[in-house]
$ cat coords_0.cif   # mmCIF, C-alpha atoms and all ligand atoms
data_input
loop_
_atom_site.label_atom_id
_atom_site.label_comp_id
_atom_site.auth_asym_id
_atom_site.auth_seq_id
_atom_site.Cartn_x
_atom_site.Cartn_y
_atom_site.Cartn_z
CA MET A 1 170.11 94.62 83.17
CA GLU A 2 172.70 91.90 83.31
CA THR A 3 173.25 90.27 86.69
CA LYS A 4 176.92 89.78 87.43
CA ILE A 5 177.51 86.48 89.22
CA VAL A 6 180.65 86.24 91.34
CA LEU A 7 182.02 83.47 93.57
CA MET A 8 183.02 84.27 97.14
CA ASP A 9 182.70 81.95 100.12
CA GLU A 10 183.85 82.31 103.71
CA GLN A 11 187.30 81.04 102.79
CA SER A 12 187.78 83.35 99.82
CA ILE A 13 186.86 86.88 100.93
CA ASN A 14 187.78 89.12 98.01
CA GLU A 15 188.32 92.86 98.58
CA LYS A 16 187.83 93.79 94.93
CA ILE A 17 184.44 92.07 94.76
CA LEU A 18 183.44 93.66 98.08
CA ALA A 19 184.39 97.12 96.78
CA ASP A 20 182.31 96.57 93.63
CA ALA A 21 179.36 95.33 95.67
CA GLY A 22 179.67 98.35 97.97
CA ASP A 23 179.64 100.70 94.96
CA ILE A 24 176.49 99.06 93.62
CA ILE A 25 174.68 99.45 96.95
CA ARG A 26 175.78 103.07 97.40
CA SER A 27 174.43 103.94 93.97
CA GLY A 28 171.04 102.44 94.79
CA GLY A 29 171.54 98.99 93.23
CA LEU A 30 170.85 95.50 94.54
CA VAL A 31 173.21 92.67 95.49
CA ALA A 32 172.14 89.16 96.54
CA PHE A 33 174.43 87.55 99.10
CA PRO A 34 174.69 84.41 101.25
CA THR A 35 173.88 84.41 104.95
CA GLU A 36 173.94 81.48 107.38
CA THR A 37 170.14 81.11 107.05
CA VAL A 38 169.15 81.73 103.40
CA TYR A 39 170.32 84.05 100.60
CA GLY A 40 169.38 87.71 101.06
CA LEU A 41 168.49 90.35 98.46
CA GLY A 42 170.36 93.42 99.68
CA GLY A 43 169.89 97.13 99.12
CA ASP A 44 170.75 100.28 101.08
CA ALA A 45 168.37 100.28 104.08
CA LEU A 46 168.67 104.06 104.41
CA ASN A 47 167.67 104.74 100.80
CA GLU A 48 163.94 104.71 100.03
CA LYS A 49 164.56 104.06 96.37
CA SER A 50 166.60 100.94 97.13
CA SER A 51 163.83 99.50 99.28
CA GLU A 52 161.31 100.21 96.55
CA ARG A 53 163.51 98.36 94.09
CA ILE A 54 163.70 95.37 96.45
CA TYR A 55 159.91 95.12 96.63
CA ARG A 56 159.71 95.32 92.85
CA ALA A 57 162.43 92.73 92.22
CA LYS A 58 160.70 90.26 94.53
CA GLY A 59 157.17 91.10 93.45
CA ARG A 60 156.52 91.67 97.13
CA PRO A 61 153.70 93.77 98.59
CA SER A 62 155.27 96.95 99.95
CA ASP A 63 153.47 96.61 103.29
CA ASN A 64 155.71 93.64 104.11
CA PRO A 65 158.75 95.12 105.86
CA LEU A 66 162.41 94.30 105.28
CA ILE A 67 165.03 93.19 107.80
CA VAL A 68 167.94 95.60 108.28
CA HIS A 69 171.24 93.72 108.45
CA ILE A 70 174.18 95.18 110.37
CA CYS A 71 177.78 94.06 110.91
CA ARG A 72 178.46 95.41 114.43
CA ARG A 73 176.17 95.04 117.45
CA GLU A 74 176.47 98.71 118.42
CA ASP A 75 175.27 99.82 114.98
CA MET A 76 171.71 99.07 116.05
CA LYS A 77 171.85 102.26 118.12
CA ALA A 78 171.64 104.44 115.03
CA ILE A 79 168.53 102.84 113.59
CA VAL A 80 166.62 102.10 116.80
CA LYS A 81 164.91 104.78 118.89
CA GLU A 82 166.21 103.42 122.15
CA VAL A 83 167.88 100.05 122.56
CA PRO A 84 166.27 98.21 125.48
CA GLU A 85 168.35 96.13 127.89
CA THR A 86 166.73 92.97 126.50
CA ALA A 87 168.11 93.71 123.03
CA TRP A 88 171.66 94.18 124.28
CA LYS A 89 171.40 90.92 126.19
CA LEU A 90 170.18 88.97 123.16
CA ALA A 91 172.78 90.61 120.91
CA GLU A 92 175.51 89.62 123.34
CA VAL A 93 174.48 85.96 123.27
CA PHE A 94 173.08 85.38 119.77
CA TRP A 95 174.76 87.92 117.45
CA PRO A 96 176.26 87.38 115.04
CA GLY A 97 173.63 84.74 114.29
CA PRO A 98 170.15 83.80 113.07
CA LEU A 99 168.12 86.09 115.30
CA THR A 100 166.11 89.14 114.20
CA MET A 101 164.81 91.64 116.76
CA ILE A 102 161.86 93.98 116.28
CA LEU A 103 162.48 97.38 117.92
CA HIS A 104 161.12 100.94 117.66
CA LYS A 105 162.79 102.58 114.69
CA SER A 106 164.74 105.82 114.63
CA GLU A 107 164.23 108.53 112.00
CA LYS A 108 167.22 107.29 110.08
CA ILE A 109 165.21 104.37 108.69
CA PRO A 110 162.73 105.32 105.96
CA TYR A 111 159.16 104.00 106.13
CA THR A 112 159.58 102.23 102.80
CA THR A 113 162.08 99.90 104.49
CA THR A 114 159.69 99.13 107.35
CA GLY A 115 156.58 98.82 105.21
CA GLY A 116 155.12 101.87 106.94
CA LEU A 117 155.64 100.55 110.49
CA ASP A 118 157.21 102.48 113.36
CA THR A 119 159.24 99.43 114.24
CA VAL A 120 162.29 97.99 112.50
CA ALA A 121 163.61 94.44 112.23
CA VAL A 122 167.36 94.20 112.92
CA ARG A 123 169.73 91.28 112.48
CA MET A 124 173.49 90.77 112.53
CA PRO A 125 174.21 87.65 110.47
CA ARG A 126 177.04 85.25 111.23
CA HIS A 127 178.16 84.45 107.67
CA LYS A 128 181.58 86.01 106.97
CA VAL A 129 180.67 87.02 103.41
CA ALA A 130 177.50 88.71 104.65
CA LEU A 131 179.40 90.62 107.35
CA ALA A 132 182.15 91.75 104.96
CA PHE A 133 179.58 92.80 102.35
CA ILE A 134 177.49 94.80 104.84
CA GLU A 135 180.61 96.59 106.05
CA ALA A 136 181.78 97.37 102.51
CA ALA A 137 178.31 98.68 101.64
CA GLY A 138 178.00 101.21 104.43
CA GLY A 139 176.70 99.13 107.33
CA TYR A 140 172.91 99.03 106.86
CA ILE A 141 171.59 96.51 104.36
CA ALA A 142 167.85 95.90 103.92
CA ALA A 143 167.47 92.30 102.83
CA PRO A 144 164.52 89.99 102.48
CA SER A 145 165.13 86.41 101.36
CA ALA A 146 166.29 86.50 97.73
CA ASN A 147 163.32 84.61 96.24
CA THR A 148 160.38 85.77 94.19
CA SER A 149 157.56 86.50 96.64
CA GLY A 150 155.69 83.31 97.52
CA LYS A 151 158.45 80.87 96.52
CA PRO A 152 160.68 78.91 98.90
CA SER A 153 163.67 80.92 100.15
CA PRO A 154 166.90 80.15 98.25
CA THR A 155 169.49 77.99 99.97
CA LEU A 156 171.70 77.87 96.85
CA ALA A 157 172.82 80.65 94.48
CA LYS A 158 171.29 78.88 91.47
CA TYR A 159 167.81 79.45 92.91
CA VAL A 160 168.57 83.15 93.40
CA GLU A 161 169.69 83.26 89.79
CA GLU A 162 166.47 81.56 88.69
CA ASP A 163 164.33 84.16 90.48
CA MET A 164 166.43 87.33 90.27
CA SER A 165 168.46 87.18 87.07
CA GLY A 166 168.12 90.46 85.19
CA ARG A 167 166.54 92.18 88.20
CA ILE A 168 169.63 92.80 90.31
CA GLU A 169 173.15 94.06 89.61
CA MET A 170 175.13 91.35 91.39
CA LEU A 171 174.78 87.89 92.92
CA ILE A 172 177.48 86.67 95.29
CA ASP A 173 177.56 82.87 95.12
CA GLY A 174 178.84 81.55 98.45
CA GLY A 175 177.70 77.96 98.02
CA GLU A 176 175.00 76.21 100.02
CA VAL A 177 173.85 77.99 103.20
CA GLY A 178 174.29 76.33 106.59
CA ILE A 179 170.89 76.51 108.29
CA GLY A 180 168.38 76.60 105.47
CA LEU A 181 165.47 78.30 107.28
CA GLU A 182 165.08 82.02 107.90
CA SER A 183 166.08 83.63 111.21
CA THR A 184 163.98 83.56 114.36
CA ILE A 185 162.09 86.86 114.74
CA VAL A 186 161.45 88.14 118.26
CA ASP A 187 159.41 91.26 118.99
CA LEU A 188 160.90 93.31 121.83
CA THR A 189 158.48 96.21 121.63
CA GLU A 190 155.88 94.66 123.96
CA GLU A 191 156.20 94.03 127.66
CA ILE A 192 156.81 90.30 127.17
CA PRO A 193 159.04 89.36 124.22
CA MET A 194 157.16 87.45 121.55
CA ILE A 195 158.38 85.11 118.82
CA LEU A 196 156.81 86.11 115.50
CA ARG A 197 158.66 83.54 113.38
CA PRO A 198 160.32 80.39 114.78
CA GLY A 199 163.84 79.53 113.65
CA TYR A 200 167.14 78.05 114.69
CA ILE A 201 167.19 80.13 117.89
CA THR A 202 164.38 78.50 119.88
CA LYS A 203 162.00 79.73 122.56
CA ALA A 204 163.95 77.80 125.20
CA MET A 205 167.20 79.49 124.15
CA LEU A 206 165.60 82.95 124.31
CA GLU A 207 164.00 82.21 127.67
CA GLU A 208 167.35 81.32 129.13
CA VAL A 209 168.43 84.90 128.51
CA LEU A 210 165.18 86.83 128.95
CA GLY A 211 162.85 84.83 131.18
CA GLU A 212 159.30 84.50 129.86
CA VAL A 213 158.90 84.58 126.07
CA LYS A 214 155.58 84.20 124.26
CA VAL A 215 154.92 82.74 120.82
CA ASP A 216 152.57 84.43 118.37
CA ARG A 217 149.70 81.96 118.33
CA THR A 218 149.20 82.29 114.61
CA ILE A 219 152.52 80.51 114.02
CA LEU A 220 151.48 76.85 114.03
CA SER A 221 147.74 77.09 113.61
CA ASP A 222 145.70 78.40 110.74
CA THR A 223 143.71 80.95 112.73
CA THR A 224 142.02 83.48 110.56
CA ASP A 225 140.53 85.58 113.37
CA LYS A 226 143.84 87.27 114.13
CA ALA A 227 146.49 88.60 111.76
CA PRO A 228 150.08 87.59 112.54
CA LYS A 229 152.22 90.45 113.79
CA ALA A 230 154.98 89.85 111.27
CA PRO A 231 153.16 90.97 108.12
CA GLY A 232 155.09 88.45 106.03
CA MET A 233 153.65 85.54 107.95
CA LYS A 234 150.17 86.20 106.62
CA TYR A 235 151.08 85.46 103.03
CA ARG A 236 151.05 81.93 101.61
CA HIS A 237 154.72 81.39 101.51
CA TYR A 238 157.45 78.94 100.75
CA ALA A 239 155.01 77.37 98.37
CA PRO A 240 156.04 74.81 95.76
CA LYS A 241 154.06 74.65 92.49
CA GLY A 242 152.72 71.18 93.30
CA ASN A 243 149.87 70.69 95.72
CA LEU A 244 151.43 69.70 99.08
CA THR A 245 149.71 67.56 101.72
CA ILE A 246 151.30 66.62 105.06
CA ILE A 247 150.42 63.25 106.58
CA ALA A 248 150.92 62.77 110.33
CA GLY A 249 150.77 59.53 112.32
CA THR A 250 152.92 56.53 113.15
CA GLN A 251 155.67 55.79 110.66
CA GLU A 252 154.00 52.62 109.42
CA ASP A 253 150.60 54.25 108.94
CA VAL A 254 152.07 57.29 107.23
CA VAL A 255 154.03 55.24 104.71
CA LYS A 256 150.94 53.18 103.89
CA GLU A 257 148.70 56.21 103.56
CA ILE A 258 151.12 58.19 101.41
CA ASN A 259 151.65 55.21 99.10
CA ARG A 260 147.89 54.71 98.81
CA ARG A 261 147.30 58.34 97.86
CA ALA A 262 150.35 58.49 95.60
CA GLU A 263 149.10 55.51 93.63
CA ARG A 264 145.67 57.05 93.19
CA MET A 265 147.13 60.38 92.09
CA ARG A 266 149.48 58.72 89.62
CA GLU A 267 146.59 56.82 88.10
CA GLY A 268 144.93 60.19 87.64
CA GLY A 269 147.94 61.43 85.68
CA GLU A 270 149.62 63.44 88.41
CA LYS A 271 153.37 63.48 88.89
CA VAL A 272 153.88 62.63 92.55
CA GLY A 273 156.71 63.79 94.81
CA ILE A 274 157.22 62.35 98.28
CA ILE A 275 159.20 63.78 101.20
CA GLY A 276 160.38 61.09 103.60
CA THR A 277 163.46 60.56 105.72
CA ASP A 278 166.55 58.37 105.40
CA ALA A 279 164.69 55.72 107.38
CA THR A 280 161.64 55.60 105.10
CA ILE A 281 162.46 56.60 101.51
CA SER A 282 163.09 53.03 100.41
CA LEU A 283 159.49 52.22 101.41
CA TYR A 284 157.77 54.67 99.06
CA ILE A 285 156.48 54.38 95.52
CA GLY A 286 156.22 57.66 93.59
CA ASP A 287 157.74 59.60 90.70
CA SER A 288 160.23 61.54 92.80
CA ILE A 289 161.09 60.41 96.31
CA LYS A 290 163.35 62.54 98.45
CA SER A 291 164.80 62.25 101.92
CA ALA A 292 164.76 65.38 104.06
CA GLY A 293 167.47 63.82 106.24
CA LYS A 294 167.46 62.12 109.60
CA ARG A 295 164.76 62.64 112.21
CA GLU A 296 167.41 62.54 114.95
CA ASP A 297 169.24 65.36 113.15
CA GLU A 298 166.70 68.15 112.74
CA GLU A 299 169.34 70.45 111.29
CA SER A 300 169.68 68.15 108.30
CA ILE A 301 165.94 68.49 107.67
CA ALA A 302 166.02 72.29 107.98
CA ARG A 303 168.86 72.46 105.47
CA ALA A 304 167.13 70.21 102.90
CA LEU A 305 163.52 71.39 103.01
CA TYR A 306 163.53 74.40 100.66
CA ARG A 307 165.92 72.72 98.24
CA ILE A 308 163.56 69.74 97.94
CA LEU A 309 160.55 71.98 97.32
CA ARG A 310 162.50 73.78 94.58
CA GLU A 311 163.63 70.49 93.03
CA PHE A 312 160.02 69.31 92.80
CA ASP A 313 159.24 72.54 90.93
CA ASP A 314 162.07 71.89 88.49
CA GLU A 315 160.89 68.30 87.95
CA GLY A 316 157.32 69.37 87.25
CA VAL A 317 155.87 67.51 90.24
CA THR A 318 152.16 68.29 90.59
CA ALA A 319 151.24 66.51 93.84
CA ILE A 320 153.47 66.29 96.91
CA TYR A 321 153.08 64.25 100.08
CA SER A 322 155.29 64.85 103.10
CA GLU A 323 155.73 63.11 106.39
CA ALA A 324 155.10 65.44 109.35
CA PHE A 325 157.98 66.36 111.64
CA ASP A 326 158.08 66.67 115.39
CA ASP A 327 157.12 70.21 116.38
CA THR A 328 157.07 69.80 120.12
CA ALA A 329 159.61 71.94 121.94
CA LYS A 330 161.47 68.84 123.11
CA SER A 331 165.26 69.09 123.45
CA GLY A 332 165.13 72.70 122.26
CA GLY A 333 164.93 71.52 118.66
CA ILE A 334 164.11 73.48 115.54
CA GLY A 335 161.21 71.16 114.73
CA GLN A 336 158.78 74.00 115.33
CA ALA A 337 160.48 76.12 112.66
CA ILE A 338 160.49 73.19 110.23
CA MET A 339 156.77 72.47 110.72
CA ASN A 340 155.91 76.17 110.57
CA ARG A 341 157.46 76.42 107.07
CA LEU A 342 156.12 73.06 105.91
CA LEU A 343 152.59 73.95 107.03
CA LYS A 344 152.74 77.25 105.19
CA ALA A 345 154.07 75.52 102.10
CA ALA A 346 151.09 73.16 102.37
CA GLY A 347 148.59 75.98 102.93
CA HIS A 348 147.99 74.23 106.30
CA HIS A 349 146.82 71.08 104.59
CA ILE A 350 147.72 68.41 107.16
CA GLU A 351 145.92 65.16 107.85
CA HIS A 352 146.33 63.13 111.01
CA ILE A 353 145.84 59.40 110.83
CA TRP A 354 145.84 57.65 114.14
O1 LIG B 401 167.13 84.74 107.86
C1 LIG B 401 166.54 85.77 107.50
O2 LIG B 401 165.91 86.48 108.28
C2 LIG B 401 166.64 86.13 106.01
C3 LIG B 401 168.08 86.48 105.69
C4 LIG B 401 168.25 87.01 104.30
O3 LIG B 401 168.59 87.36 106.64
N1 LIG B 401 165.75 87.23 105.70
C5 LIG B 401 164.40 87.08 105.66
O4 LIG B 401 163.71 88.22 105.28
O5 LIG B 401 163.84 86.04 105.91
P1 LIG B 401 162.18 88.21 104.77
O6 LIG B 401 161.95 89.60 104.32
O7 LIG B 401 162.00 87.13 103.80
O8 LIG B 401 161.36 87.98 106.06
C6 LIG B 401 161.24 89.04 106.99
C7 LIG B 401 160.05 88.83 107.88
C8 LIG B 401 158.74 89.07 107.18
O9 LIG B 401 157.81 88.09 107.59
C9 LIG B 401 158.34 90.45 107.69
O10 LIG B 401 156.96 90.64 107.69
C10 LIG B 401 158.92 90.45 109.08
O11 LIG B 401 160.14 89.79 108.93
N2 LIG B 401 159.20 91.81 109.57
C11 LIG B 401 160.10 92.69 109.10
N3 LIG B 401 160.03 93.85 109.77
C12 LIG B 401 159.07 93.71 110.70
C13 LIG B 401 158.53 94.56 111.71
N4 LIG B 401 158.95 95.81 111.89
N5 LIG B 401 157.52 94.06 112.50
C14 LIG B 401 157.09 92.79 112.32
N6 LIG B 401 157.57 91.95 111.39
C15 LIG B 401 158.54 92.40 110.59
MG MG B 402 161.14 85.62 102.77
#

$ encode --input "coords_0.cif" --output "structure tokens"
Amino acid sequence: METKIVLMDEQSINEKILADAGDIIRSGGLVAFPTETVYGLGGDALNEKSSERIYRAKGRPSDNPLIVHICRREDMKAIVKEVPETAWKLAEVFWPGPLTMILHKSEKIPYTTTGGLDTVAVRMPRHKVALAFIEAAGGYIAAPSANTSGKPSPTLAKYVEEDMSGRIEMLIDGGEVGIGLESTIVDLTEEIPMILRPGYITKAMLEEVLGEVKVDRTILSDTTDKAPKAPGMKYRHYAPKGNLTIIAGTQEDVVKEINRRAERMREGGEKVGIIGTDATISLYIGDSIKSAGKREDEESIARALYRILREFDDEGVTAIYSEAFDDTAKSGGIGQAIMNRLLKAAGHHIEHIW
């Protein structure tokens, strides 16, 4: 199959392309599209066959459920058994936007889409191309991130092309995404709402609307005694090909330690990549040194992280060292989401030097 690549960003919504994309989805095909978080790999959420094709295209285990994307808040009524008050409140404040809610599913949603679960993940994205595409395609789009299972999520169309070319009918190239990390997932099926995946919408922001919110304790630690509730969080994810180690400590110590290890690895024939920040990259010695952005501007780091991991893959980097980032909940930042993804990419290999 040849993948048709078309250009459409938020400023150039094109009805003809949307109609073509809608036709593809209605006939059971797949279309990758930009959202404000990462690129999605879309299929008809109400069609079992489409969901099966999504799992196959990604090489994803079929027990790892898909998020259903909608383009109007009220559309969640059709796919959810009963919409709780908490969901309406969150939708009012955060939709369209990078928040996914877990709710009890209605019969309309096939079990293939939910990986066999009785709950369904629902999100209304903010990206104009995503919204127009979902509408043109019938209103219910199942879409995981558009990467091969286990790889970093794509923040640029070229990475979708790399992973999905020949496996999907169409790729809508909308340029670089805005946020760069996947949506926050909050489970509303328990008495107290629980964050299953941290993202741009933080615990503090959710608590302002809902009161107490818990965080799945498997998110930042490497506990093996309890499986995470979002099945996808149990897989080693976001992983670059090179072996990634995170070094935490004071800036001066971290720079020294990373340089020491990088030198040793290079002597051993490894190609070393280093992730620093604008303030530190001039201090490193390695084969490929990249800045994730500014520490004061966590959004810059979120946007750069997956791109950097992909670039190291393209450059054939075999050993990667990264500075750690602040994951305390201070100032309602998205540091927790950044460290959650970085830790998974590193297989939880972090060393603290104090
Ligand atoms: O930002 C995003 O959410 C992106 C864009 C494309 O919208 N999508 C995305 O999808 O990240 P995916 O499939 O890569 O991640 C979905 C996560 C997985 O970890 C999955 O296990 C979890 O959501 N999930 C889906 N349905 C669930 C459910 N019913 N209960 C618990 N976790 C669920
Ligand atoms: Mg994903």

$ residues_near_ligand --input "coords_0.cif" --ligand "ligand MG 402 (chain B)" --cutoff "10 Å" --atoms "only C-alpha atoms and all ligand atoms" --output "CSV table (one decimal) with C-alpha atoms, in the coordinates of the input"
chain,number,residue,atom,x,y,z
A,38,VAL,CA,169.2,81.7,103.4
A,39,TYR,CA,170.3,84.0,100.6
A,40,GLY,CA,169.4,87.7,101.1
A,41,LEU,CA,168.5,90.4,98.5
A,58,LYS,CA,160.7,90.3,94.5
A,60,ARG,CA,156.5,91.7,97.1
A,64,ASN,CA,155.7,93.6,104.1
A,66,LEU,CA,162.4,94.3,105.3
A,67,ILE,CA,165.0,93.2,107.8
A,143,ALA,CA,167.5,92.3,102.8
A,144,PRO,CA,164.5,90.0,102.5
A,145,SER,CA,165.1,86.4,101.4
A,146,ALA,CA,166.3,86.5,97.7
A,147,ASN,CA,163.3,84.6,96.2
A,148,THR,CA,160.4,85.8,94.2
A,149,SER,CA,157.6,86.5,96.6
A,150,GLY,CA,155.7,83.3,97.5
A,151,LYS,CA,158.4,80.9,96.5
A,152,PRO,CA,160.7,78.9,98.9
A,153,SER,CA,163.7,80.9,100.2
A,154,PRO,CA,166.9,80.2,98.2
A,181,LEU,CA,165.5,78.3,107.3
A,182,GLU,CA,165.1,82.0,107.9
A,183,SER,CA,166.1,83.6,111.2
A,232,GLY,CA,155.1,88.4,106.0
A,233,MET,CA,153.6,85.5,108.0
A,237,HIS,CA,154.7,81.4,101.5
A,238,TYR,CA,157.4,78.9,100.8

$ residues_around --input "coords_0.cif" --residues "region 8-25 of chain A" --least-positions-apart "3" --cutoff "7 Å" --atoms "all atoms listed in the file" --output "compact mmCIF listing (two decimals) with C-alpha atoms, in the coordinates of the input"
# COMPACT_ATOMS: atom_id res chain seq x y z
CA GLY A 28 171.04 102.44 94.79
CA GLY A 29 171.54 98.99 93.23
CA LEU A 30 170.85 95.50 94.54
CA VAL A 31 173.21 92.67 95.49
CA GLY A 43 169.89 97.13 99.12
CA ASP A 44 170.75 100.28 101.08
CA LYS A 128 181.58 86.01 106.97
CA VAL A 129 180.67 87.02 103.41
CA PHE A 133 179.58 92.80 102.35
CA ALA A 136 181.78 97.37 102.51
CA ALA A 137 178.31 98.68 101.64
CA ILE A 172 177.48 86.67 95.29
CA ASP A 173 177.56 82.87 95.12
CA GLY A 174 178.84 81.55 98.45
CA GLY A 175 177.70 77.96 98.02

$ closest_residue --input "coords_0.cif" --among "A:Arg167, A:Lys214, A:Arg341, A:His104" --to "ligand LIG 401 (chain B)" --atoms "only C-alpha atoms and all ligand atoms"
A:His104

$ residues_near_point --input "coords_0.cif" --point "(174.3, 99.3, 107.3)" --cutoff "10 Å" --atoms "only C-alpha atoms" --output "list in words"
Gly43, Asp44, Ala45, Leu46, Val68, His69, Ile70, Cys71, Arg72, Asp75, Met76, Ala78, Ile79, Phe133, Ile134, Glu135, Ala136, Ala137, Gly138, Gly139, Tyr140, Ile141 and Ala142 of chain A

$ write_last_selection --input "coords_0.cif" --atoms "C-alpha atoms" --output "tab-separated table (two decimals), keeping the file's coordinate frame"
chain	number	residue	atom	x	y	z
A	43	GLY	CA	169.89	97.13	99.12
A	44	ASP	CA	170.75	100.28	101.08
A	45	ALA	CA	168.37	100.28	104.08
A	46	LEU	CA	168.67	104.06	104.41
A	68	VAL	CA	167.94	95.60	108.28
A	69	HIS	CA	171.24	93.72	108.45
A	70	ILE	CA	174.18	95.18	110.37
A	71	CYS	CA	177.78	94.06	110.91
A	72	ARG	CA	178.46	95.41	114.43
A	75	ASP	CA	175.27	99.82	114.98
A	76	MET	CA	171.71	99.07	116.05
A	78	ALA	CA	171.64	104.44	115.03
A	79	ILE	CA	168.53	102.84	113.59
A	133	PHE	CA	179.58	92.80	102.35
A	134	ILE	CA	177.49	94.80	104.84
A	135	GLU	CA	180.61	96.59	106.05
A	136	ALA	CA	181.78	97.37	102.51
A	137	ALA	CA	178.31	98.68	101.64
A	138	GLY	CA	178.00	101.21	104.43
A	139	GLY	CA	176.70	99.13	107.33
A	140	TYR	CA	172.91	99.03	106.86
A	141	ILE	CA	171.59	96.51	104.36
A	142	ALA	CA	167.85	95.90	103.92

$ residues_around --input "coords_0.cif" --residues "Trp95 (chain A)" --least-positions-apart "2" --cutoff "6 Å" --atoms "all atoms listed in the file" --output "list in words"
Ala91, Gly97 and Met124 of chain A

$ write_last_selection --input "coords_0.cif" --atoms "C-alpha atoms" --output "JSON list (two decimals), keeping the file's coordinate frame"
[["chain", "number", "residue", "atom", "x", "y", "z"],
["A", 91, "ALA", "CA", 172.78, 90.61, 120.91],
["A", 97, "GLY", "CA", 173.63, 84.74, 114.29],
["A", 124, "MET", "CA", 173.49, 90.77, 112.53]]

$ residues_around --input "coords_0.cif" --residues "region 345-347 of chain A" --least-positions-apart "3" --cutoff "12 Å" --atoms "all atoms listed in the file" --output "PyMOL selection string"
chain A and resi 150-153+220-222+233-247+305-306+308-310+319-324+338-342+350-351

$ write_last_selection --input "coords_0.cif" --atoms "C-alpha atoms" --output "short mmCIF file (atom, residue, chain, number, x, y, z; two decimals), in the frame of the given file"
data_model
loop_
_atom_site.label_atom_id
_atom_site.label_comp_id
_atom_site.auth_asym_id
_atom_site.auth_seq_id
_atom_site.Cartn_x
_atom_site.Cartn_y
_atom_site.Cartn_z
CA GLY A 150 155.69 83.31 97.52
CA LYS A 151 158.45 80.87 96.52
CA PRO A 152 160.68 78.91 98.90
CA SER A 153 163.67 80.92 100.15
CA LEU A 220 151.48 76.85 114.03
CA SER A 221 147.74 77.09 113.61
CA ASP A 222 145.70 78.40 110.74
CA MET A 233 153.65 85.54 107.95
CA LYS A 234 150.17 86.20 106.62
CA TYR A 235 151.08 85.46 103.03
CA ARG A 236 151.05 81.93 101.61
CA HIS A 237 154.72 81.39 101.51
CA TYR A 238 157.45 78.94 100.75
CA ALA A 239 155.01 77.37 98.37
CA PRO A 240 156.04 74.81 95.76
CA LYS A 241 154.06 74.65 92.49
CA GLY A 242 152.72 71.18 93.30
CA ASN A 243 149.87 70.69 95.72
CA LEU A 244 151.43 69.70 99.08
CA THR A 245 149.71 67.56 101.72
CA ILE A 246 151.30 66.62 105.06
CA ILE A 247 150.42 63.25 106.58
CA LEU A 305 163.52 71.39 103.01
CA TYR A 306 163.53 74.40 100.66
CA ILE A 308 163.56 69.74 97.94
CA LEU A 309 160.55 71.98 97.32
CA ARG A 310 162.50 73.78 94.58
CA ALA A 319 151.24 66.51 93.84
CA ILE A 320 153.47 66.29 96.91
CA TYR A 321 153.08 64.25 100.08
CA SER A 322 155.29 64.85 103.10
CA GLU A 323 155.73 63.11 106.39
CA ALA A 324 155.10 65.44 109.35
CA ILE A 338 160.49 73.19 110.23
CA MET A 339 156.77 72.47 110.72
CA ASN A 340 155.91 76.17 110.57
CA ARG A 341 157.46 76.42 107.07
CA LEU A 342 156.12 73.06 105.91
CA ILE A 350 147.72 68.41 107.16
CA GLU A 351 145.92 65.16 107.85
#

$ closest_residue --input "coords_0.cif" --among "A:Ile275, A:Leu103, A:Ala302, A:Ile258" --to "Met194 (chain A)" --atoms "all atoms listed in the file"
A:Leu103

$ atom_distance --input "coords_0.cif" --atom1 "atom O4 of ligand LIG 401 (chain B)" --atom2 "CA of Ser51 (chain A)"
12.8 Å

$ closest_residue --input "coords_0.cif" --among "A:Ser288, A:Ser165, A:Ser27, A:Thr35" --to "Leu131 (chain A)" --atoms "only C-alpha atoms"
A:Thr35

$ atom_distance --input "coords_0.cif" --atom1 "atom O9 of ligand LIG 401 (chain B)" --atom2 "CA of Val317 (chain A)"
27.0 Å

$ residues_around --input "coords_0.cif" --residues "Thr189 (chain A)" --least-positions-apart "3" --cutoff "10 Å" --atoms "all atoms listed in the file" --output "mmCIF file with C-alpha atoms, in the frame of the given file"
data_model
loop_
_atom_site.group_PDB
_atom_site.id
_atom_site.type_symbol
_atom_site.label_atom_id
_atom_site.label_comp_id
_atom_site.auth_asym_id
_atom_site.auth_seq_id
_atom_site.Cartn_x
_atom_site.Cartn_y
_atom_site.Cartn_z
ATOM 1 C CA PRO A 84 166.270 98.210 125.480
ATOM 2 C CA MET A 101 164.810 91.640 116.760
ATOM 3 C CA ILE A 102 161.860 93.980 116.280
ATOM 4 C CA LEU A 103 162.480 97.380 117.920
ATOM 5 C CA HIS A 104 161.120 100.940 117.660
ATOM 6 C CA THR A 119 159.240 99.430 114.240
ATOM 7 C CA VAL A 186 161.450 88.140 118.260
ATOM 8 C CA ILE A 192 156.810 90.300 127.170
ATOM 9 C CA PRO A 193 159.040 89.360 124.220
ATOM 10 C CA MET A 194 157.160 87.450 121.550
#

$ closest_residue --input "coords_0.cif" --among "A:Gly166, A:Gly293, A:Gly273, A:Gly199" --to "ligand LIG 401 (chain B)" --atoms "all atoms listed in the file"
A:Gly199

$ residues_around --input "coords_0.cif" --residues "Ala262 (chain A)" --least-positions-apart "4" --cutoff "7 Å" --atoms "only C-alpha atoms" --output "CSV table (one decimal) with C-alpha atoms, in the coordinates of the input"
chain,number,residue,atom,x,y,z
A,258,ILE,CA,151.1,58.2,101.4
A,266,ARG,CA,149.5,58.7,89.6
A,272,VAL,CA,153.9,62.6,92.6
A,286,GLY,CA,156.2,57.7,93.6
